[in-house]
Amino acid sequence: SMYELVSDLAAFVDESEIAPFPSWEMLPYEFVSPAEAIERDRITTLFKLAAGEHCIAVCTTESLLRAVPERQFLRKKVIRLAAGDEIPFDDIVAALSEYGYSREHRVEGYGQFAVKGGIINIFLPSHDNPVRLDFFGDTIESIREFDAETQTSTGPVEEVRICPRKE
């Protein structure tokens, strides 16, 4: 299977350079949601490719045959954030809602975000852990990754890219 090839490739290159692009594993007229892992892999790989990042895209024949959004469209949708950036707090909150993230009291799973005071917690498709944007007014003071279970910080992050949650 495609994931076996991904696993084999990981023996030769850094796992972060491998970009799986699975098929939806459902028919176009089926009204069911795809598996979360498939959604995450697809959107993360699409945005890596659109950004021109160096990666090895691994896909199935079916995933190659279906149309995907255009590169320019995807590039326009990326919001890059780094510590020290000045960007209206409310604009980030609005963008997250528009991009399909669900606002929750506490971030526990992929595709969720939470707002507490001057802090926005987000679980992005491209990260294994959620990130915490700490604002002072409209300035991002810090970006840190944190553990979803304990809600404690696991370290600083230089930059995050907010992309839509789904294709």
# chains A, B, ... in the order shown; residues from 1 in each chain; ligands from 1
>>> residues_around(residues="Leu96 (chain A)", least_positions_apart="5", cutoff="9 Å", atoms="only C-alpha atoms", output="PyMOL selection string")
chain A and resi 91+101-103+112-113+122+162-165
>>> write_last_selection(atoms="C-alpha atoms", output="compact mmCIF listing (two decimals), in the first residue's frame")
# COMPACT_ATOMS: atom_id res chain seq x y z
CA ASP A 91 -8.56 38.74 11.80
CA TYR A 101 -11.65 25.19 12.09
CA SER A 102 -14.18 24.67 14.89
CA ARG A 103 -14.07 27.00 17.88
CA GLN A 112 -10.00 22.96 16.49
CA PHE A 113 -9.11 26.36 17.91
CA ILE A 122 -4.88 25.99 17.13
CA ILE A 162 -2.37 28.57 8.72
CA CYS A 163 -4.04 26.77 5.82
CA PRO A 164 -7.67 25.83 5.31
CA ARG A 165 -8.63 22.71 7.22
>>> select_by_dssp(residues="region 2-122 of chain A", states="strand (DSSP E)", output="VMD selection string")
chain A and resid 18 to 21 56 to 59 79 to 82 102 to 103 112 to 116 119 to 122
>>> write_last_selection(atoms="C-alpha atoms", output="PDB file, in the first residue's frame")
ATOM      1  CA  ILE A  18       7.863  12.475   2.806  1.00  0.00           C
ATOM      2  CA  ALA A  19       4.465  13.842   1.820  1.00  0.00           C
ATOM      3  CA  PRO A  20       1.729  11.192   1.572  1.00  0.00           C
ATOM      4  CA  PHE A  21      -1.200  12.079  -0.695  1.00  0.00           C
ATOM      5  CA  ILE A  56       8.764  13.338  -1.909  1.00  0.00           C
ATOM      6  CA  ALA A  57       5.065  13.125  -2.716  1.00  0.00           C
ATOM      7  CA  VAL A  58       3.771   9.564  -2.439  1.00  0.00           C
ATOM      8  CA  CYS A  59       0.340   8.974  -3.917  1.00  0.00           C
ATOM      9  CA  ILE A  79      -1.413  32.886   6.417  1.00  0.00           C
ATOM     10  CA  ARG A  80       2.219  32.910   7.625  1.00  0.00           C
ATOM     11  CA  LEU A  81       2.791  33.969  11.210  1.00  0.00           C
ATOM     12  CA  ALA A  82       5.971  34.465  13.231  1.00  0.00           C
ATOM     13  CA  SER A 102     -14.180  24.670  14.893  1.00  0.00           C
ATOM     14  CA  ARG A 103     -14.065  27.001  17.878  1.00  0.00           C
ATOM     15  CA  GLN A 112     -10.003  22.958  16.485  1.00  0.00           C
ATOM     16  CA  PHE A 113      -9.105  26.357  17.910  1.00  0.00           C
ATOM     17  CA  ALA A 114      -9.764  28.126  21.196  1.00  0.00           C
ATOM     18  CA  VAL A 115      -9.496  31.742  22.301  1.00  0.00           C
ATOM     19  CA  LYS A 116      -8.638  32.745  25.868  1.00  0.00           C
ATOM     20  CA  ILE A 119      -4.119  33.627  23.354  1.00  0.00           C
ATOM     21  CA  ILE A 120      -5.235  31.579  20.358  1.00  0.00           C
ATOM     22  CA  ASN A 121      -4.655  27.815  20.486  1.00  0.00           C
ATOM     23  CA  ILE A 122      -4.875  25.994  17.128  1.00  0.00           C
TER      24      ILE A 122
END
>>> closest_residue(among="A:Val107, A:Ala94, A:Ala83, A:Ala50", to="Asp134 (chain A)", atoms="only C-alpha atoms")
A:Ala83
>>> closest_residue(among="A:Gln72, A:Thr154, A:Thr60, A:Ser7", to="Phe47 (chain A)", atoms="only C-alpha atoms")
A:Gln72
>>> closest_residue(among="A:Leu64, A:Val93, A:Val131, A:Leu5", to="Ala148 (chain A)", atoms="only C-alpha atoms")
A:Val131
>>> select_by_dssp(residues="region 65-106 of chain A", states="alpha helix (DSSP H)", output="VMD selection string")
chain A and resid 65 71 to 77 89 to 98
>>> write_last_selection(atoms="all heavy atoms", output="compact mmCIF listing (two decimals), in the first residue's frame")
# COMPACT_ATOMS: atom_id res chain seq x y z
N LEU A 65 -5.53 11.11 -10.17
CA LEU A 65 -6.53 11.34 -11.21
C LEU A 65 -7.57 12.40 -10.85
O LEU A 65 -8.14 13.02 -11.72
CB LEU A 65 -7.25 10.03 -11.56
CG LEU A 65 -6.36 8.96 -12.19
CD1 LEU A 65 -7.14 7.66 -12.38
CD2 LEU A 65 -5.81 9.43 -13.52
N ARG A 71 -2.57 25.79 -7.78
CA ARG A 71 -1.45 26.23 -6.94
C ARG A 71 -1.61 27.68 -6.47
O ARG A 71 -1.44 27.99 -5.30
CB ARG A 71 -0.14 26.07 -7.70
CG ARG A 71 1.06 26.60 -6.93
CD ARG A 71 2.32 26.43 -7.69
NE ARG A 71 2.73 25.04 -7.52
CZ ARG A 71 3.89 24.57 -7.92
NH1 ARG A 71 4.74 25.34 -8.55
NH2 ARG A 71 4.22 23.32 -7.72
N GLN A 72 -1.95 28.59 -7.40
CA GLN A 72 -2.09 30.01 -7.03
C GLN A 72 -3.20 30.22 -6.01
O GLN A 72 -3.07 31.02 -5.09
CB GLN A 72 -2.36 30.88 -8.27
CG GLN A 72 -1.18 30.96 -9.22
CD GLN A 72 0.09 31.46 -8.56
OE1 GLN A 72 0.11 31.97 -7.44
NE2 GLN A 72 1.21 31.31 -9.25
N PHE A 73 -4.30 29.47 -6.16
CA PHE A 73 -5.41 29.56 -5.21
C PHE A 73 -4.94 29.13 -3.82
O PHE A 73 -5.22 29.81 -2.83
CB PHE A 73 -6.57 28.67 -5.68
CG PHE A 73 -7.70 28.58 -4.70
CD1 PHE A 73 -8.64 29.60 -4.61
CD2 PHE A 73 -7.83 27.48 -3.86
CE1 PHE A 73 -9.68 29.52 -3.70
CE2 PHE A 73 -8.87 27.39 -2.95
CZ PHE A 73 -9.80 28.42 -2.87
N LEU A 74 -4.21 28.02 -3.76
CA LEU A 74 -3.71 27.52 -2.48
C LEU A 74 -2.72 28.50 -1.85
O LEU A 74 -2.79 28.78 -0.65
CB LEU A 74 -3.04 26.15 -2.66
CG LEU A 74 -3.97 24.99 -3.03
CD1 LEU A 74 -3.15 23.76 -3.39
CD2 LEU A 74 -4.94 24.68 -1.90
N ARG A 75 -1.82 29.05 -2.67
CA ARG A 75 -0.82 30.00 -2.14
C ARG A 75 -1.47 31.23 -1.52
O ARG A 75 -1.00 31.76 -0.52
CB ARG A 75 0.12 30.43 -3.26
CG ARG A 75 1.17 29.40 -3.57
CD ARG A 75 2.12 29.93 -4.61
NE ARG A 75 3.22 28.99 -4.82
CZ ARG A 75 4.09 29.09 -5.79
NH1 ARG A 75 4.01 30.08 -6.66
NH2 ARG A 75 5.05 28.22 -5.92
N LYS A 76 -2.57 31.70 -2.11
CA LYS A 76 -3.27 32.88 -1.59
C LYS A 76 -3.94 32.61 -0.25
O LYS A 76 -4.23 33.53 0.50
CB LYS A 76 -4.34 33.36 -2.59
CG LYS A 76 -3.78 34.05 -3.80
CD LYS A 76 -4.90 34.47 -4.73
CE LYS A 76 -4.33 34.90 -6.07
NZ LYS A 76 -5.34 34.91 -7.12
N LYS A 77 -4.21 31.34 0.03
CA LYS A 77 -4.93 30.98 1.25
C LYS A 77 -4.04 30.81 2.48
O LYS A 77 -4.53 30.69 3.59
CB LYS A 77 -5.71 29.67 1.03
CG LYS A 77 -6.87 29.81 0.08
CD LYS A 77 -7.98 30.59 0.72
CE LYS A 77 -9.18 30.75 -0.18
NZ LYS A 77 -10.19 31.62 0.42
N PHE A 89 -5.65 40.57 15.90
CA PHE A 89 -6.07 39.36 16.62
C PHE A 89 -7.38 38.83 16.05
O PHE A 89 -7.52 37.65 15.75
CB PHE A 89 -6.21 39.72 18.11
CG PHE A 89 -6.56 38.57 19.01
CD1 PHE A 89 -5.57 37.80 19.58
CD2 PHE A 89 -7.89 38.28 19.32
CE1 PHE A 89 -5.87 36.75 20.45
CE2 PHE A 89 -8.20 37.23 20.17
CZ PHE A 89 -7.19 36.47 20.74
N ASP A 90 -8.36 39.74 15.90
CA ASP A 90 -9.69 39.34 15.41
C ASP A 90 -9.65 38.79 13.99
O ASP A 90 -10.49 37.97 13.62
CB ASP A 90 -10.68 40.51 15.50
CG ASP A 90 -10.96 40.91 16.95
OD1 ASP A 90 -10.74 40.07 17.85
OD2 ASP A 90 -11.41 42.05 17.17
N ASP A 91 -8.69 39.24 13.18
CA ASP A 91 -8.56 38.74 11.80
C ASP A 91 -8.16 37.27 11.79
O ASP A 91 -8.61 36.50 10.95
CB ASP A 91 -7.53 39.55 11.01
CG ASP A 91 -8.03 40.94 10.64
OD1 ASP A 91 -9.16 41.30 11.06
OD2 ASP A 91 -7.31 41.67 9.93
N ILE A 92 -7.29 36.90 12.73
CA ILE A 92 -6.86 35.49 12.83
C ILE A 92 -8.05 34.63 13.25
O ILE A 92 -8.30 33.57 12.68
CB ILE A 92 -5.69 35.32 13.84
CG1 ILE A 92 -4.47 36.14 13.39
CG2 ILE A 92 -5.32 33.84 14.00
CD1 ILE A 92 -3.87 35.73 12.08
N VAL A 93 -8.80 35.09 14.25
CA VAL A 93 -9.98 34.35 14.73
C VAL A 93 -10.98 34.18 13.58
O VAL A 93 -11.50 33.09 13.35
CB VAL A 93 -10.63 35.07 15.94
CG1 VAL A 93 -11.93 34.40 16.34
CG2 VAL A 93 -9.66 35.09 17.12
N ALA A 94 -11.23 35.25 12.83
CA ALA A 94 -12.18 35.20 11.70
C ALA A 94 -11.68 34.25 10.61
O ALA A 94 -12.46 33.47 10.05
CB ALA A 94 -12.39 36.60 11.13
N ALA A 95 -10.38 34.30 10.31
CA ALA A 95 -9.80 33.43 9.27
C ALA A 95 -9.92 31.96 9.66
O ALA A 95 -10.25 31.12 8.81
CB ALA A 95 -8.34 33.79 9.02
N LEU A 96 -9.69 31.65 10.93
CA LEU A 96 -9.79 30.26 11.38
C LEU A 96 -11.20 29.73 11.19
O LEU A 96 -11.40 28.61 10.72
CB LEU A 96 -9.35 30.13 12.84
CG LEU A 96 -7.85 30.26 13.09
CD1 LEU A 96 -7.56 30.47 14.57
CD2 LEU A 96 -7.10 29.06 12.55
N SER A 97 -12.20 30.53 11.52
CA SER A 97 -13.60 30.11 11.32
C SER A 97 -13.89 29.93 9.83
O SER A 97 -14.49 28.94 9.42
CB SER A 97 -14.55 31.16 11.90
OG SER A 97 -14.44 31.18 13.30
N GLU A 98 -13.42 30.89 9.02
CA GLU A 98 -13.64 30.83 7.57
C GLU A 98 -12.94 29.61 6.96
O GLU A 98 -13.44 29.01 6.02
CB GLU A 98 -13.08 32.11 6.94
CG GLU A 98 -13.30 32.21 5.45
CD GLU A 98 -12.54 33.38 4.84
OE1 GLU A 98 -12.51 34.47 5.46
OE2 GLU A 98 -11.96 33.21 3.75
>>> residues_around(residues="Arg144 (chain A)", least_positions_apart="2", cutoff="10 Å", atoms="only C-alpha atoms", output="list in words")
Ala83, Asn121, Asn129, Pro130, Val131, Arg132, Leu133, Asp134, Ser142, Phe146, Thr152, Ser153, Thr154, Gly155, Pro156, Val157, Glu158, Glu159 and Val160 of chain A
>>> write_last_selection(atoms="C-alpha atoms", output="PDB file, in the first residue's frame")
ATOM      1  CA  ALA A  83       6.756  35.913  16.647  1.00  0.00           C
ATOM      2  CA  ASN A 121      -4.655  27.815  20.486  1.00  0.00           C
ATOM      3  CA  ASN A 129       0.727  19.017  18.399  1.00  0.00           C
ATOM      4  CA  PRO A 130      -1.376  22.176  18.680  1.00  0.00           C
ATOM      5  CA  VAL A 131       0.258  25.622  18.727  1.00  0.00           C
ATOM      6  CA  ARG A 132      -0.349  28.582  21.021  1.00  0.00           C
ATOM      7  CA  LEU A 133      -0.221  32.114  19.607  1.00  0.00           C
ATOM      8  CA  ASP A 134       0.378  34.543  22.481  1.00  0.00           C
ATOM      9  CA  SER A 142       5.405  34.060  20.970  1.00  0.00           C
ATOM     10  CA  PHE A 146       1.921  22.385  23.405  1.00  0.00           C
ATOM     11  CA  THR A 152       1.608  22.470  28.763  1.00  0.00           C
ATOM     12  CA  SER A 153       4.145  23.991  26.386  1.00  0.00           C
ATOM     13  CA  THR A 154       6.638  21.720  24.637  1.00  0.00           C
ATOM     14  CA  GLY A 155       8.770  24.444  23.041  1.00  0.00           C
ATOM     15  CA  PRO A 156       8.928  27.490  20.778  1.00  0.00           C
ATOM     16  CA  VAL A 157       8.036  27.441  17.079  1.00  0.00           C
ATOM     17  CA  GLU A 158       9.647  29.904  14.652  1.00  0.00           C
ATOM     18  CA  GLU A 159       6.793  30.178  12.188  1.00  0.00           C
ATOM     19  CA  VAL A 160       3.384  28.664  11.518  1.00  0.00           C
TER      20      VAL A 160
END
>>> closest_residue(among="A:Gly109, A:Gly100, A:Gly52, A:Pro22", to="Asp147 (chain A)", atoms="only C-alpha atoms")
A:Gly109
>>> closest_residue(among="A:Val78, A:Ala10, A:Ser23, A:Arg106", to="Glu62 (chain A)", atoms="only C-alpha atoms")
A:Ser23
>>> closest_residue(among="A:Thr150, A:Thr61, A:Phe136, A:Asp128", to="Ser1 (chain A)", atoms="only C-alpha atoms")
A:Thr61
>>> decode(residues="region 91-120 of chain A", atoms="N, CA, C and O atoms", output="PDB file, in the first residue's frame")
ATOM      1  N   ASP A  91      -8.692  39.245  13.176  1.00  0.00           N
ATOM      2  CA  ASP A  91      -8.563  38.742  11.800  1.00  0.00           C
ATOM      3  C   ASP A  91      -8.156  37.268  11.794  1.00  0.00           C
ATOM      4  O   ASP A  91      -8.608  36.496  10.949  1.00  0.00           O
ATOM      5  N   ILE A  92      -7.287  36.897  12.726  1.00  0.00           N
ATOM      6  CA  ILE A  92      -6.857  35.490  12.826  1.00  0.00           C
ATOM      7  C   ILE A  92      -8.046  34.628  13.250  1.00  0.00           C
ATOM      8  O   ILE A  92      -8.296  33.568  12.676  1.00  0.00           O
ATOM      9  N   VAL A  93      -8.803  35.090  14.247  1.00  0.00           N
ATOM     10  CA  VAL A  93      -9.976  34.354  14.727  1.00  0.00           C
ATOM     11  C   VAL A  93     -10.983  34.183  13.582  1.00  0.00           C
ATOM     12  O   VAL A  93     -11.503  33.088  13.354  1.00  0.00           O
ATOM     13  N   ALA A  94     -11.228  35.249  12.826  1.00  0.00           N
ATOM     14  CA  ALA A  94     -12.179  35.198  11.697  1.00  0.00           C
ATOM     15  C   ALA A  94     -11.680  34.249  10.612  1.00  0.00           C
ATOM     16  O   ALA A  94     -12.457  33.466  10.050  1.00  0.00           O
ATOM     17  N   ALA A  95     -10.377  34.295  10.306  1.00  0.00           N
ATOM     18  CA  ALA A  95      -9.798  33.430   9.271  1.00  0.00           C
ATOM     19  C   ALA A  95      -9.920  31.960   9.660  1.00  0.00           C
ATOM     20  O   ALA A  95     -10.246  31.121   8.813  1.00  0.00           O
ATOM     21  N   LEU A  96      -9.685  31.649  10.927  1.00  0.00           N
ATOM     22  CA  LEU A  96      -9.786  30.259  11.384  1.00  0.00           C
ATOM     23  C   LEU A  96     -11.204  29.725  11.189  1.00  0.00           C
ATOM     24  O   LEU A  96     -11.399  28.609  10.723  1.00  0.00           O
ATOM     25  N   SER A  97     -12.202  30.526  11.520  1.00  0.00           N
ATOM     26  CA  SER A  97     -13.600  30.115  11.317  1.00  0.00           C
ATOM     27  C   SER A  97     -13.889  29.932   9.835  1.00  0.00           C
ATOM     28  O   SER A  97     -14.489  28.944   9.423  1.00  0.00           O
ATOM     29  N   GLU A  98     -13.425  30.887   9.024  1.00  0.00           N
ATOM     30  CA  GLU A  98     -13.636  30.829   7.573  1.00  0.00           C
ATOM     31  C   GLU A  98     -12.940  29.612   6.959  1.00  0.00           C
ATOM     32  O   GLU A  98     -13.443  29.009   6.024  1.00  0.00           O
ATOM     33  N   TYR A  99     -11.799  29.213   7.514  1.00  0.00           N
ATOM     34  CA  TYR A  99     -11.021  28.096   6.999  1.00  0.00           C
ATOM     35  C   TYR A  99     -11.509  26.733   7.500  1.00  0.00           C
ATOM     36  O   TYR A  99     -10.878  25.718   7.256  1.00  0.00           O
ATOM     37  N   GLY A 100     -12.615  26.711   8.233  1.00  0.00           N
ATOM     38  CA  GLY A 100     -13.213  25.437   8.625  1.00  0.00           C
ATOM     39  C   GLY A 100     -12.790  24.876   9.966  1.00  0.00           C
ATOM     40  O   GLY A 100     -13.123  23.742  10.303  1.00  0.00           O
ATOM     41  N   TYR A 101     -12.044  25.652  10.762  1.00  0.00           N
ATOM     42  CA  TYR A 101     -11.655  25.191  12.090  1.00  0.00           C
ATOM     43  C   TYR A 101     -12.842  25.422  13.032  1.00  0.00           C
ATOM     44  O   TYR A 101     -13.546  26.414  12.902  1.00  0.00           O
ATOM     45  N   SER A 102     -13.056  24.508  13.969  1.00  0.00           N
ATOM     46  CA  SER A 102     -14.180  24.670  14.893  1.00  0.00           C
ATOM     47  C   SER A 102     -13.697  25.298  16.197  1.00  0.00           C
ATOM     48  O   SER A 102     -12.679  24.883  16.749  1.00  0.00           O
ATOM     49  N   ARG A 103     -14.436  26.309  16.642  1.00  0.00           N
ATOM     50  CA  ARG A 103     -14.065  27.001  17.878  1.00  0.00           C
ATOM     51  C   ARG A 103     -14.576  26.211  19.064  1.00  0.00           C
ATOM     52  O   ARG A 103     -15.759  25.902  19.158  1.00  0.00           O
ATOM     53  N   GLU A 104     -13.663  25.864  19.946  1.00  0.00           N
ATOM     54  CA  GLU A 104     -13.981  25.045  21.115  1.00  0.00           C
ATOM     55  C   GLU A 104     -13.519  25.763  22.377  1.00  0.00           C
ATOM     56  O   GLU A 104     -12.761  26.724  22.313  1.00  0.00           O
ATOM     57  N   HIS A 105     -13.967  25.247  23.517  1.00  0.00           N
ATOM     58  CA  HIS A 105     -13.517  25.800  24.799  1.00  0.00           C
ATOM     59  C   HIS A 105     -12.058  25.416  25.054  1.00  0.00           C
ATOM     60  O   HIS A 105     -11.289  26.189  25.610  1.00  0.00           O
ATOM     61  N   ARG A 106     -11.698  24.196  24.599  1.00  0.00           N
ATOM     62  CA  ARG A 106     -10.336  23.671  24.808  1.00  0.00           C
ATOM     63  C   ARG A 106      -9.941  22.879  23.562  1.00  0.00           C
ATOM     64  O   ARG A 106     -10.726  22.103  23.038  1.00  0.00           O
ATOM     65  N   VAL A 107      -8.721  23.076  23.082  1.00  0.00           N
ATOM     66  CA  VAL A 107      -8.233  22.382  21.887  1.00  0.00           C
ATOM     67  C   VAL A 107      -7.771  20.980  22.267  1.00  0.00           C
ATOM     68  O   VAL A 107      -6.831  20.825  23.043  1.00  0.00           O
ATOM     69  N   GLU A 108      -8.463  19.986  21.720  1.00  0.00           N
ATOM     70  CA  GLU A 108      -8.103  18.603  22.019  1.00  0.00           C
ATOM     71  C   GLU A 108      -7.840  17.792  20.762  1.00  0.00           C
ATOM     72  O   GLU A 108      -7.234  16.735  20.823  1.00  0.00           O
ATOM     73  N   GLY A 109      -8.306  18.275  19.623  1.00  0.00           N
ATOM     74  CA  GLY A 109      -8.138  17.511  18.397  1.00  0.00           C
ATOM     75  C   GLY A 109      -7.886  18.384  17.188  1.00  0.00           C
ATOM     76  O   GLY A 109      -8.088  19.604  17.216  1.00  0.00           O
ATOM     77  N   TYR A 110      -7.437  17.733  16.136  1.00  0.00           N
ATOM     78  CA  TYR A 110      -7.137  18.388  14.871  1.00  0.00           C
ATOM     79  C   TYR A 110      -8.323  19.220  14.360  1.00  0.00           C
ATOM     80  O   TYR A 110      -9.472  18.815  14.475  1.00  0.00           O
ATOM     81  N   GLY A 111      -8.023  20.410  13.825  1.00  0.00           N
ATOM     82  CA  GLY A 111      -9.054  21.252  13.228  1.00  0.00           C
ATOM     83  C   GLY A 111      -9.816  22.102  14.220  1.00  0.00           C
ATOM     84  O   GLY A 111     -10.804  22.727  13.877  1.00  0.00           O
ATOM     85  N   GLN A 112      -9.337  22.152  15.462  1.00  0.00           N
ATOM     86  CA  GLN A 112     -10.003  22.958  16.485  1.00  0.00           C
ATOM     87  C   GLN A 112      -9.153  24.166  16.847  1.00  0.00           C
ATOM     88  O   GLN A 112      -7.936  24.159  16.673  1.00  0.00           O
ATOM     89  N   PHE A 113      -9.832  25.226  17.340  1.00  0.00           N
ATOM     90  CA  PHE A 113      -9.105  26.357  17.910  1.00  0.00           C
ATOM     91  C   PHE A 113      -9.880  26.877  19.110  1.00  0.00           C
ATOM     92  O   PHE A 113     -11.070  26.628  19.255  1.00  0.00           O
ATOM     93  N   ALA A 114      -9.159  27.558  19.997  1.00  0.00           N
ATOM     94  CA  ALA A 114      -9.764  28.126  21.196  1.00  0.00           C
ATOM     95  C   ALA A 114      -9.148  29.493  21.452  1.00  0.00           C
ATOM     96  O   ALA A 114      -7.985  29.730  21.139  1.00  0.00           O
ATOM     97  N   VAL A 115      -9.956  30.390  21.994  1.00  0.00           N
ATOM     98  CA  VAL A 115      -9.496  31.742  22.301  1.00  0.00           C
ATOM     99  C   VAL A 115      -9.669  31.977  23.790  1.00  0.00           C
ATOM    100  O   VAL A 115     -10.752  31.754  24.336  1.00  0.00           O
ATOM    101  N   LYS A 116      -8.582  32.403  24.441  1.00  0.00           N
ATOM    102  CA  LYS A 116      -8.638  32.745  25.868  1.00  0.00           C
ATOM    103  C   LYS A 116      -7.813  34.008  26.058  1.00  0.00           C
ATOM    104  O   LYS A 116      -6.592  33.974  25.933  1.00  0.00           O
ATOM    105  N   GLY A 117      -8.493  35.119  26.333  1.00  0.00           N
ATOM    106  CA  GLY A 117      -7.783  36.385  26.506  1.00  0.00           C
ATOM    107  C   GLY A 117      -7.018  36.729  25.243  1.00  0.00           C
ATOM    108  O   GLY A 117      -7.579  36.775  24.157  1.00  0.00           O
ATOM    109  N   GLY A 118      -5.711  36.923  25.357  1.00  0.00           N
ATOM    110  CA  GLY A 118      -4.869  37.253  24.207  1.00  0.00           C
ATOM    111  C   GLY A 118      -4.168  36.048  23.628  1.00  0.00           C
ATOM    112  O   GLY A 118      -3.102  36.158  23.021  1.00  0.00           O
ATOM    113  N   ILE A 119      -4.749  34.863  23.833  1.00  0.00           N
ATOM    114  CA  ILE A 119      -4.119  33.627  23.354  1.00  0.00           C
ATOM    115  C   ILE A 119      -5.056  32.902  22.400  1.00  0.00           C
ATOM    116  O   ILE A 119      -6.253  32.791  22.650  1.00  0.00           O
ATOM    117  N   ILE A 120      -4.488  32.423  21.289  1.00  0.00           N
ATOM    118  CA  ILE A 120      -5.235  31.579  20.358  1.00  0.00           C
ATOM    119  C   ILE A 120      -4.507  30.245  20.285  1.00  0.00           C
ATOM    120  O   ILE A 120      -3.323  30.197  19.946  1.00  0.00           O
TER     121      ILE A 120
END
